[in-house]
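*Asks:* Got target19.txt for you, compact mmCIF, C-alpha atoms and all ligand atoms:
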# COMPACT_ATOMS: atom_id res chain seq x y z
CA MET A 735 279.80 128.93 152.06
CA LYS A 736 278.58 132.42 151.35
CA ASN A 737 278.43 134.88 154.21
CA ILE A 738 275.26 136.92 154.24
CA ASP A 739 275.36 140.65 153.77
CA GLN A 740 273.37 141.74 156.82
CA SER A 741 272.54 145.19 155.54
CA ARG A 742 270.96 143.68 152.44
CA ILE A 743 268.52 141.65 154.59
CA PHE A 744 267.40 144.86 156.27
CA ASP A 745 267.06 146.58 152.89
CA LEU A 746 264.98 143.75 151.50
CA THR A 747 262.59 143.45 154.44
CA ASP A 748 262.01 147.06 155.48
CA TYR A 749 263.06 146.00 159.00
CA LYS A 750 265.84 147.83 160.80
CA ARG A 751 268.34 146.09 163.04
CA GLN A 752 266.90 147.75 166.16
CA ASP A 753 263.42 146.43 165.27
CA PHE A 754 264.62 143.05 166.44
CA SER A 755 265.81 144.39 169.80
CA VAL A 756 262.21 144.12 171.04
CA CYS A 757 262.26 140.34 170.66
CA LEU A 758 261.67 138.98 174.14
CA GLY A 759 263.31 135.64 173.54
CA CYS A 760 260.03 134.08 174.66
CA LYS A 761 260.28 131.51 171.84
CA ILE A 762 256.52 131.39 171.34
CA CYS A 763 257.39 131.48 167.64
CA ALA A 764 259.44 128.30 168.06
CA SER A 765 256.65 126.53 169.90
CA VAL A 766 254.07 127.15 167.14
CA CYS A 767 256.36 126.85 164.10
CA THR A 768 255.12 124.48 161.40
CA VAL A 769 258.65 123.11 160.97
CA ASN A 770 258.10 121.25 164.28
CA ASP A 771 255.62 119.07 162.38
CA LEU A 772 258.49 117.94 160.16
CA SER A 773 260.35 116.65 163.22
CA GLU A 774 263.08 119.17 162.51
CA SER A 775 264.41 121.43 165.22
CA THR A 776 263.34 125.00 164.75
CA ASN A 777 263.82 128.34 166.43
CA PRO A 778 262.80 131.40 164.43
CA GLN A 779 263.97 133.63 167.25
CA GLU A 780 267.55 132.47 166.69
CA ILE A 781 267.45 133.90 163.16
CA LEU A 782 266.42 137.31 164.48
CA GLN A 783 269.07 137.14 167.17
CA LYS A 784 271.78 136.32 164.63
CA LEU A 785 270.71 139.24 162.48
CA PHE A 786 270.63 141.53 165.48
CA LEU A 787 274.10 140.46 166.56
CA GLY A 788 275.51 140.50 163.04
CA LYS A 789 276.18 136.75 162.93
CA ASN A 790 276.15 134.65 159.80
CA ILE A 791 273.26 132.37 158.79
CA PRO A 792 274.13 129.37 156.60
CA SER A 793 271.96 128.40 153.63
CA ASP A 794 271.38 124.94 155.10
CA ASP A 795 269.77 126.42 158.22
CA HIS A 796 266.57 124.46 158.87
CA LEU A 797 264.29 127.46 158.68
CA VAL A 798 265.89 128.83 155.56
CA ARG A 799 265.26 125.46 153.95
CA TYR A 800 261.89 124.48 155.37
CA CYS A 801 259.93 127.62 156.39
CA THR A 802 256.57 127.35 154.64
CA GLY A 803 255.59 131.00 155.05
CA CYS A 804 252.61 130.00 157.18
CA TYR A 805 252.77 133.08 159.48
CA ARG A 806 251.95 131.00 162.57
CA CYS A 807 254.99 132.56 164.27
CA THR A 808 253.88 136.08 163.36
CA GLY A 809 250.36 135.40 164.60
CA ALA A 810 251.68 134.23 167.97
CA CYS A 811 254.54 136.71 168.45
CA PRO A 812 253.79 139.50 170.95
CA TRP A 813 255.45 141.91 168.49
CA ASN A 814 253.88 140.51 165.38
CA ILE A 815 257.31 140.10 163.78
CA ARG A 816 257.02 138.89 160.19
CA ILE A 817 259.61 136.16 160.38
CA PRO A 818 258.66 134.45 157.07
CA GLU A 819 259.47 137.69 155.25
CA VAL A 820 262.89 137.74 156.90
CA ILE A 821 263.40 134.13 155.80
CA ARG A 822 262.35 135.00 152.26
CA ALA A 823 264.90 137.80 152.19
CA LEU A 824 267.55 135.37 153.46
CA ARG A 825 266.70 132.99 150.64
CA GLU A 826 267.07 135.81 148.17
CA GLU A 827 270.42 136.82 149.63
CA LEU A 828 271.64 133.23 149.82
CA ALA A 829 270.31 132.53 146.30
CA THR A 830 268.73 129.26 147.36
CA ARG A 831 265.98 129.25 144.76
CA SER A 832 264.91 126.06 143.07
CA PRO A 833 264.74 125.73 139.25
CA PHE A 834 260.97 126.04 139.58
CA GLU A 835 261.22 129.38 141.33
CA LYS A 836 263.67 130.56 138.70
CA ALA A 837 261.29 129.60 135.89
CA PHE A 838 258.45 131.37 137.73
CA LYS A 839 260.39 134.61 137.89
CA ASP A 840 261.61 134.28 134.29
CA SER A 841 258.03 133.93 133.14
CA VAL A 842 257.05 137.07 135.05
CA SER A 843 259.96 138.91 133.38
CA ILE A 844 258.91 137.76 129.91
CA TRP A 845 255.14 138.09 130.04
CA GLY A 846 254.36 139.97 133.23
CA ARG A 847 252.49 136.87 134.34
CA VAL A 848 253.20 133.28 135.26
CA TYR A 849 252.57 131.19 132.18
CA GLU A 850 252.47 127.72 133.69
CA PRO A 851 253.27 125.69 130.52
CA TYR A 852 256.54 127.65 130.23
CA VAL A 853 257.38 127.12 133.90
CA ILE A 854 256.78 123.38 133.58
CA ILE A 855 258.86 123.06 130.41
CA MET A 856 261.77 125.02 131.91
CA ALA A 857 261.62 122.94 135.08
CA ILE A 858 261.36 119.52 133.36
CA PRO A 859 264.80 118.22 134.43
CA PHE A 860 264.02 119.22 138.02
CA LEU A 861 260.54 117.67 137.87
CA LEU A 862 261.94 114.42 136.46
CA LYS A 863 264.71 114.21 139.00
CA GLY A 864 262.47 115.19 141.89
CA GLY A 865 259.96 112.40 141.28
CA TYR A 866 257.07 114.66 140.28
CA ILE A 867 256.00 112.68 137.23
CA LYS A 868 254.19 110.10 139.34
CA HIS A 869 251.81 112.82 140.53
CA MET A 870 250.73 113.78 137.01
CA THR A 871 247.67 111.52 137.11
CA ARG A 872 246.47 113.48 140.15
CA TRP A 873 246.98 116.75 138.29
CA THR A 874 244.91 116.20 135.15
CA GLU A 875 242.21 118.58 136.38
CA TYR A 876 244.80 121.38 136.47
CA MET A 877 245.68 121.06 132.83
CA GLY A 878 244.24 123.08 130.01
CA ILE A 879 245.50 124.84 126.95
CA HIS A 880 245.75 128.59 126.77
CA LEU A 881 248.11 131.01 125.11
CA PRO A 882 250.22 133.40 127.15
CA HIS A 883 249.00 136.95 127.64
CA LYS A 884 251.71 139.58 127.37
CA VAL A 885 251.17 142.42 129.81
CA LYS A 886 251.77 145.70 128.06
CA ARG A 887 252.50 147.89 131.04
CA ALA A 888 254.16 145.42 133.41
CA MET B 688 227.15 144.99 142.85
CA ASN B 689 229.93 145.62 140.36
CA TYR B 690 233.37 144.50 141.39
CA GLY B 691 236.80 144.83 139.86
CA TYR B 692 238.18 141.32 139.54
CA TYR B 693 241.77 140.22 139.97
CA PRO B 694 242.01 136.54 138.98
CA GLY B 695 245.81 136.25 139.17
CA CYS B 696 248.00 133.79 137.31
CA SER B 697 246.93 130.47 138.82
CA LEU B 698 243.26 131.13 138.11
CA THR B 699 244.10 131.53 134.43
CA GLY B 700 245.89 128.16 134.52
CA SER B 701 245.91 125.32 137.04
CA ALA B 702 243.17 126.87 139.20
CA HIS B 703 240.80 127.47 136.27
CA LYS B 704 238.09 125.63 138.23
CA LEU B 705 238.19 128.24 140.95
CA ASP B 706 238.01 131.01 138.36
CA LYS B 707 234.99 129.49 136.63
CA GLY B 708 233.35 128.74 139.98
CA ILE B 709 233.76 132.28 141.30
CA ARG B 710 232.47 133.84 138.10
CA LYS B 711 229.45 131.56 138.07
CA VAL B 712 228.59 131.94 141.76
CA PHE B 713 228.80 135.73 141.50
CA GLU B 714 226.72 135.77 138.33
CA LYS B 715 224.04 133.58 139.91
CA GLN B 716 223.90 135.90 142.89
CA GLY B 717 223.46 138.91 140.61
CA HIS B 718 226.93 140.44 140.92
CA THR B 719 229.18 141.53 138.10
CA LEU B 720 232.91 140.83 138.01
CA LYS B 721 235.02 142.82 135.60
CA GLU B 722 238.71 142.04 135.20
CA ILE B 723 241.28 144.71 135.95
CA PRO B 724 242.59 145.44 132.44
CA ASP B 725 246.01 144.04 131.58
CA TRP B 726 246.74 142.99 135.18
CA ASN B 727 250.18 141.58 135.97
CA CYS B 728 251.40 138.83 138.32
CA CYS B 729 251.23 139.74 142.04
CA GLY B 730 254.56 137.99 142.71
CA ALA B 731 252.94 135.44 145.04
CA PHE B 732 255.53 134.50 147.71
CA GLU B 733 258.47 134.38 145.36
CA TYR B 734 260.14 137.72 145.93
CA GLY B 735 262.41 138.35 148.90
CA ASP B 736 262.47 142.08 148.24
CA ARG B 737 259.41 143.62 149.87
CA LYS B 738 259.45 146.73 147.70
CA GLU B 739 259.67 144.66 144.55
CA LEU B 740 256.81 142.45 145.74
CA THR B 741 254.45 145.28 146.66
CA GLY B 742 255.46 147.03 143.45
CA PHE B 743 253.67 144.35 141.42
CA SER B 744 250.39 144.88 143.22
CA LYS B 745 250.78 148.65 143.20
CA LYS B 746 250.89 148.44 139.41
CA ASN B 747 247.69 146.42 139.44
CA LEU B 748 246.02 149.00 141.63
CA GLU B 749 247.13 151.76 139.26
CA LYS B 750 245.47 149.81 136.45
CA ALA B 751 242.28 149.54 138.53
CA SER B 752 242.34 153.19 139.53
CA GLY B 753 239.41 155.22 138.18
CA LEU B 754 237.66 152.04 137.04
CA PHE B 755 236.87 150.28 140.29
CA SER B 756 236.73 151.08 143.97
CA GLU B 757 235.89 147.55 145.09
CA ILE B 758 238.17 144.71 144.10
CA VAL B 759 237.67 140.98 144.58
CA ALA B 760 240.66 138.61 144.56
CA PRO B 761 240.02 134.89 145.20
CA CYS B 762 243.61 133.59 145.43
CA PRO B 763 244.82 134.11 149.02
CA ALA B 764 248.30 135.19 147.93
CA CYS B 765 246.98 137.73 145.41
CA TYR B 766 244.45 138.98 147.94
CA LYS B 767 247.11 139.51 150.62
CA ASN B 768 249.54 141.17 148.23
CA LEU B 769 246.87 143.56 146.94
CA ARG B 770 245.75 144.49 150.45
CA GLU B 771 249.31 145.17 151.54
CA ALA B 772 250.03 147.29 148.48
CA ASP B 773 246.98 149.50 149.07
CA GLU B 774 248.78 151.54 151.72
CA GLN B 775 246.51 154.58 151.41
CA LYS B 776 243.37 152.41 151.56
CA GLU B 777 242.13 153.80 148.26
CA PHE B 778 240.27 150.60 147.45
CA THR B 779 238.07 148.13 149.22
CA ILE B 780 239.87 144.87 148.52
CA THR B 781 237.78 141.93 149.56
CA HIS B 782 238.14 138.21 149.60
CA PRO B 783 235.07 136.40 148.22
CA LEU B 784 234.67 134.51 151.51
CA ASP B 785 233.99 137.84 153.22
CA LEU B 786 231.23 138.52 150.71
CA PHE B 787 229.53 135.21 151.45
CA ASP B 788 227.58 136.72 154.35
CA ASP B 789 224.20 135.66 155.77
CA ALA B 790 222.27 137.52 153.09
CA PHE B 791 224.41 135.95 150.38
CA ILE B 792 224.04 132.43 151.73
CA GLY B 793 220.35 133.03 152.47
CA SER B 794 219.68 133.96 148.86
CA VAL B 795 221.27 130.82 147.41
CA LYS B 796 218.61 129.06 145.32
CA GLN B 797 218.93 125.60 146.78
CA ALA B 798 218.46 122.64 144.47
CA ARG B 799 220.34 119.98 146.45
CA ASP B 800 221.35 119.39 150.05
CA LEU B 801 224.49 117.95 151.62
CA LYS B 802 222.80 115.35 153.86
CA GLY B 803 224.87 112.25 154.51
CA HIS B 804 228.13 113.93 153.46
CA VAL B 805 231.05 114.73 155.76
CA PHE B 806 233.34 117.69 155.02
CA THR B 807 236.54 119.15 156.40
CA PRO B 808 236.59 122.89 155.73
CA TYR B 809 240.24 123.73 155.21
CA TYR B 810 241.34 127.37 155.12
CA GLY B 811 245.11 126.94 155.42
CA CYS B 812 247.39 129.84 156.28
CA ILE B 813 247.08 132.98 154.24
CA LEU B 814 243.32 133.44 154.55
CA LEU B 815 243.75 133.48 158.33
CA ARG B 816 247.21 135.01 158.81
CA PRO B 817 248.77 137.52 159.24
CA ARG B 818 245.98 139.24 161.15
CA GLU B 819 246.20 142.54 159.22
CA THR B 820 244.95 140.88 156.05
CA ALA B 821 243.05 137.90 157.49
CA ILE B 822 239.48 137.38 156.34
CA GLN B 823 236.70 138.28 158.78
CA ARG B 824 234.37 135.41 158.05
CA ASN B 825 236.60 132.61 159.24
CA THR B 826 233.76 130.13 159.80
CA VAL B 827 231.95 130.74 156.52
CA MET B 828 232.73 127.30 155.09
CA GLU B 829 231.35 125.62 158.22
CA GLU B 830 228.22 127.79 157.96
CA VAL B 831 227.62 126.82 154.35
CA ILE B 832 228.15 123.11 155.05
CA SER B 833 225.85 122.97 158.10
CA ARG B 834 223.17 125.21 156.67
CA PHE B 835 222.67 122.84 153.76
CA GLY B 836 222.70 119.72 155.90
CA GLY B 837 226.30 118.48 155.69
CA ASP B 838 228.45 117.34 158.61
CA VAL B 839 231.52 119.36 159.56
CA ALA B 840 234.68 117.51 160.67
CA GLY B 841 238.38 118.24 161.10
CA GLU B 842 237.92 121.47 163.10
CA LYS B 843 241.45 121.22 164.50
CA VAL B 844 243.20 121.29 161.14
CA LYS B 845 241.42 124.18 159.45
CA ASP B 846 244.32 126.61 159.99
CA ARG B 847 247.24 124.17 159.75
CA CYS B 848 249.79 124.56 156.99
CA CYS B 849 249.58 122.23 153.96
CA GLY B 850 253.15 123.06 152.96
CA GLY B 851 251.94 123.94 149.45
CA ASN B 852 254.46 126.72 149.28
CA GLN B 853 257.25 124.10 149.23
CA ILE B 854 255.69 121.68 146.73
CA PHE B 855 258.16 122.60 143.97
CA ILE B 856 261.09 123.15 146.32
CA ASN B 857 261.13 120.37 148.93
CA LYS B 858 258.23 118.10 148.03
CA SER B 859 258.76 115.94 151.13
CA VAL B 860 257.82 118.95 153.28
CA THR B 861 254.49 119.29 151.49
CA GLU B 862 253.90 115.57 151.62
CA LYS B 863 254.43 115.37 155.36
CA LEU B 864 252.36 118.45 156.21
CA SER B 865 249.46 117.61 153.88
CA LYS B 866 249.30 114.07 155.15
CA LEU B 867 249.10 115.36 158.73
CA VAL B 868 246.06 117.44 157.76
CA LEU B 869 244.53 114.53 155.88
CA GLU B 870 245.07 112.10 158.77
CA LYS B 871 243.42 114.41 161.26
CA SER B 872 240.35 115.15 159.16
CA LYS B 873 237.45 113.31 157.55
CA GLY B 874 235.43 113.25 154.37
CA THR B 875 235.68 115.69 151.50
CA ILE B 876 238.26 118.46 151.92
CA VAL B 877 236.79 121.85 151.05
CA VAL B 878 239.37 124.50 150.19
CA PHE B 879 239.59 127.96 148.72
CA CYS B 880 243.32 128.31 148.05
CA PRO B 881 244.78 126.93 144.78
CA LEU B 882 247.98 125.89 146.56
CA CYS B 883 246.07 124.05 149.29
CA HIS B 884 244.06 122.36 146.56
CA MET B 885 247.19 121.14 144.82
CA ALA B 886 248.96 120.03 148.00
CA MET B 887 245.89 118.14 149.23
CA LYS B 888 245.02 116.69 145.85
CA THR B 889 248.54 115.37 145.32
CA PHE B 890 248.48 113.33 148.52
CA SER B 891 244.78 112.73 149.25
CA GLY B 892 244.43 109.31 147.61
CA GLU B 893 240.71 108.42 147.56
CA ARG B 894 239.61 111.51 149.46
CA LYS B 895 237.92 114.25 147.45
CA VAL B 896 239.33 117.76 147.38
CA ILE B 897 236.96 120.46 146.12
CA TYR B 898 236.70 124.22 146.01
CA LEU B 899 233.97 125.83 148.11
CA THR B 900 232.71 127.46 144.93
CA ASP B 901 232.06 124.04 143.40
CA LEU B 902 230.24 122.99 146.56
CA LEU B 903 228.05 126.10 146.31
CA LEU B 904 227.33 125.32 142.67
CA TYR B 905 226.47 121.75 143.63
CA ILE B 906 223.95 123.10 146.14
CA MET B 907 222.55 125.35 143.40
CA GLY B 908 222.12 122.27 141.22
CA GLU B 909 224.89 123.16 138.79
CA ASN B 910 227.59 120.51 138.91
CA LYS B 911 228.11 117.11 140.39
CA VAL B 912 231.24 117.32 142.52
CA LEU B 913 229.93 114.93 145.19
S1 LIG C 1 256.27 131.15 158.79
FE1 LIG C 1 258.11 129.86 158.78
S2 LIG C 1 259.15 130.35 160.72
FE2 LIG C 1 257.05 131.07 160.92
S3 LIG C 1 255.91 129.38 161.88
FE3 LIG C 1 255.69 129.15 159.65
S4 LIG C 1 257.35 127.75 159.07
FE4 LIG C 1 257.87 128.54 161.13
S1 LIG C 2 257.60 135.12 169.54
FE1 LIG C 2 258.39 137.12 168.87
S2 LIG C 2 259.20 138.06 170.76
FE2 LIG C 2 258.98 135.85 171.19
S3 LIG C 2 260.99 134.94 170.66
FE3 LIG C 2 259.71 134.79 168.81
S4 LIG C 2 260.20 136.65 167.62
FE4 LIG C 2 260.93 137.00 169.74
Translate the structure described by the file into structure tokens.
*Replies:*
Amino acid sequence: MKNIDQSRIFDLTDYKRQDFSVCLGCKICASVCTVNDLSESTNPQEILQKLFLGKNIPSDDHLVRYCTGCYRCTGACPWNIRIPEVIRALREELATRSPFEKAFKDSVSIWGRVYEPYVIIMAIPFLLKGGYIKHMTRWTEYMGIHLPHKVKRA
Amino acid sequence: MNYGYYPGCSLTGSAHKLDKGIRKVFEKQGHTLKEIPDWNCCGAFEYGDRKELTGFSKKNLEKASGLFSEIVAPCPACYKNLREADEQKEFTITHPLDLFDDAFIGSVKQARDLKGHVFTPYYGCILLRPRETAIQRNTVMEEVISRFGGDVAGEKVKDRCCGGNQIFINKSVTEKLSKLVLEKSKGTIVVFCPLCHMAMKTFSGERKVIYLTDLLLYIMGENKVL
């Protein structure tokens, strides 16, 4: 398993290592974290501590996998630490993106915008395998035909 | 008022209903929305590199510069990204919900009421957090519903997470979180976020999921969402 490059996480987030030294270990973040609702153990503070101490974080860490970016932790933290942005940087560093996320970014590179028909076509194998097809009947109101717009100065 | 308008990618695609609704509500209330020319994607939540992410919205603000001072962005992710990119506070970047003030609601030409209908106003995460970019009018949906005679339910879930962010990564996460919101609420779910709409709609079964803009248009006698 890949070891994370700690300095890259700090580069990506704009946080510095010492920014996490203020963490009180109060675990308020853990008590409000949405991942609790998934009946998965969660402790956002542990992620900050590992980064502060220079320890590795594996890509199958619960938060790296399940964090929804809800900012409940940030809202409750006495220091307002933006933990979901740290998690997002970890995902980038650990290259955990799904085929859907890859197609999203590819579309932005090609057109400067997300062109949903392209994203769906590129992600078809993933959508088939992941059991998404059964939801299509619920999604008819989202469909419509339009051509992509290419941003000139993206 | 004239506003610069940033629809963002989803409103040109899967959230076209929200786009049409916003344009129509603003037009009916006598406001003009003009798109930022040649805008690009805001990056949503997909970029782990903060500089790269804000860079997208900075470009959009450059494109708006000299044309608009007030910008409206309905999608919560776009709205947050634009606000965060405007480090020098050169623009007034507003979420439509913050423009739906007393005067705005008071001037709605009412053609129908909401009597006999129960609604759960559902804001989700990004409209309410983090606090630096949160909307001010965090009870506006409740105000609209009660003012026009509807019943408000599901107060406890309004700021819970629907897990929409994970719908194309770990669908089971979205399923579990959305179902929790659905179980603890009643009636029609009223949303403003395209991702909340999709997460709720996917798992809501018989329950209706509608945008607030469509509810406003219903009240104005425009469409029949109820
Ligand atoms: S943003 Fe992530 S870490 Fe923070 S409360 Fe939400 S799920 Fe938990
Ligand atoms: S809430 Fe903030 S200060 Fe408390 S443990 Fe979590 S990150 Fe640290």
*Asks:* Could you list, as a CSV table (one decimal) with C-alpha atoms, keeping the file's coordinate frame, every residue within 12 Å of B:Lys715, counting all atoms listed in the file and ignoring same-chain residues fewer than 5 positions away?
*Replies:*
chain,number,residue,atom,x,y,z
B,708,GLY,CA,233.4,128.7,140.0
B,709,ILE,CA,233.8,132.3,141.3
B,710,ARG,CA,232.5,133.8,138.1
B,720,LEU,CA,232.9,140.8,138.0
B,791,PHE,CA,224.4,136.0,150.4
B,792,ILE,CA,224.0,132.4,151.7
B,794,SER,CA,219.7,134.0,148.9
B,795,VAL,CA,221.3,130.8,147.4
B,796,LYS,CA,218.6,129.1,145.3
B,797,GLN,CA,218.9,125.6,146.8
B,900,THR,CA,232.7,127.5,144.9
B,903,LEU,CA,228.0,126.1,146.3
B,904,LEU,CA,227.3,125.3,142.7
B,907,MET,CA,222.6,125.4,143.4
B,908,GLY,CA,222.1,122.3,141.2
B,909,GLU,CA,224.9,123.2,138.8
*Asks:* Looking at A:Ile855, A:Ile762, A:Cys801, A:Leu785, which one is nearest to chain B, with distances taken over all atoms listed in the file?
*Replies:*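 Ranked by minimum distance to chain B, first place goes to A:Cys801.
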*Asks:* Taking all atoms listed in the file into account, find every residue of chain B that has an atom no more than 6 Å from chain A, and write it out as a list in words.
*Replies:*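 Matching residues, ligands excluded from the count: Cys696, Ser701, Asp725, Asn727, Cys728, Gly735, Asp736, Arg737, Cys812, Arg816, Pro817, Gly850, Asn852, Ile856 and Thr889 of chain B.
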*Asks:* Give the residues close to ligand LIG 2 (chain C), within 10 Å, counting only C-alpha atoms and all ligand atoms; write them as a VMD selection string.
*Replies:* chain A and resid 754 to 767 777 to 783 806 to 817
*Asks:* Please determine an axis-aligned box that encloses all atoms of stretch 817-836 of chain B listed in the file, with 3 Å added on each side, and express its centre and edge lengths in Å to one decimal as JSON.
*Replies:*
{"center_x": 235.7, "center_y": 131.1, "center_z": 157.5, "size_x": 32.1, "size_y": 28.8, "size_z": 13.4}
*Asks:* Would you mind reading off the distance between atom CA of B:Asp846 and atom CA of B:Thr807, one decimal, in Å?
*Replies:*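 Between atom CA of B:Asp846 and atom CA of B:Thr807 the gap is 11.4 Å.
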*Asks:* Within 12 Å of B:Lys721, counting all atoms listed in the file, which residues show up once you throw out same-chain ones fewer than 3 positions away? Write them as a PyMOL selection string, please.
*Replies:* chain B and resi 688-694+710+713-714+718+724-726+751+754-760
*Asks:* Work out how far atom CA of B:Gly851 is from atom CA of B:Leu882, in Å to one decimal.
*Replies:*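 Straight-line distance from atom CA of B:Leu882 to atom CA of B:Gly851 works out to 5.3 Å.
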*Asks:* Mind pulling up the distance from atom CA of B:Ser865 to atom CA of B:Lys843?
*Replies:*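 Straight-line distance from atom CA of B:Lys843 to atom CA of B:Ser865 works out to 13.8 Å.
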*Asks:* Considering all atoms listed in the file, return as a VMD selection string whatever protein or nucleic-acid residues lie within 7 Å of B:Phe743, sequence-local ones (same chain, fewer than 4 positions apart) excluded.
*Replies:* chain B and resid 728 to 730 739 747
*Asks:* Could you save the residues just selected, with C-alpha atoms, as a compact mmCIF listing (two decimals), in the frame of the given file?
*Replies:*
# COMPACT_ATOMS: atom_id res chain seq x y z
CA CYS B 728 251.40 138.83 138.32
CA CYS B 729 251.23 139.74 142.04
CA GLY B 730 254.56 137.99 142.71
CA GLU B 739 259.67 144.66 144.55
CA ASN B 747 247.69 146.42 139.44
*Asks:* Write out as a list of chain:residue names which residues come within 6 Å of B:Pro881 when counting all atoms listed in the file, dropping same-chain ones fewer than 2 positions away.
*Replies:* B:Ala702, B:Cys883, B:His884
*Asks:* Have a look at B:Gly811, B:Gly742, B:Pro783, B:Pro761 and name the one nearest to ligand LIG 1 (chain C); count all atoms listed in the file.
*Replies:*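 Once distances to ligand LIG 1 (chain C) are computed over all atoms listed in the file, the minimum belongs to B:Gly811.
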*Asks:* Which of these residues is nearest to ligand LIG 1 (chain C), using all atoms listed in the file: A:Pro859, A:Asp840, A:Asn770, A:Ser793?
*Replies:*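 Among A:Pro859, A:Asp840, A:Asn770, A:Ser793, it is A:Asn770 that comes nearest to ligand LIG 1 (chain C).
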*Asks:* Would you mind listing what lies within 10 Å of B:Thr875 as a PDB file with C-alpha atoms, in the frame of the given file, with all atoms listed in the file counted and same-chain residues fewer than 3 positions away left out?
*Replies:*
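Heads up, here's the output in around_7.pdb:
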ATOM      1  CA  HIS B 804     228.130 113.930 153.460  1.00  0.00           C
ATOM      2  CA  VAL B 805     231.050 114.730 155.760  1.00  0.00           C
ATOM      3  CA  PHE B 806     233.340 117.690 155.020  1.00  0.00           C
ATOM      4  CA  THR B 807     236.540 119.150 156.400  1.00  0.00           C
ATOM      5  CA  PRO B 808     236.590 122.890 155.730  1.00  0.00           C
ATOM      6  CA  TYR B 809     240.240 123.730 155.210  1.00  0.00           C
ATOM      7  CA  VAL B 839     231.520 119.360 159.560  1.00  0.00           C
ATOM      8  CA  ALA B 840     234.680 117.510 160.670  1.00  0.00           C
ATOM      9  CA  LEU B 869     244.530 114.530 155.880  1.00  0.00           C
ATOM     10  CA  SER B 872     240.350 115.150 159.160  1.00  0.00           C
ATOM     11  CA  VAL B 878     239.370 124.500 150.190  1.00  0.00           C
ATOM     12  CA  SER B 891     244.780 112.730 149.250  1.00  0.00           C
ATOM     13  CA  GLU B 893     240.710 108.420 147.560  1.00  0.00           C
ATOM     14  CA  ARG B 894     239.610 111.510 149.460  1.00  0.00           C
ATOM     15  CA  LYS B 895     237.920 114.250 147.450  1.00  0.00           C
ATOM     16  CA  VAL B 896     239.330 117.760 147.380  1.00  0.00           C
ATOM     17  CA  ILE B 897     236.960 120.460 146.120  1.00  0.00           C
ATOM     18  CA  LEU B 913     229.930 114.930 145.190  1.00  0.00           C
TER      19      LEU B 913
END
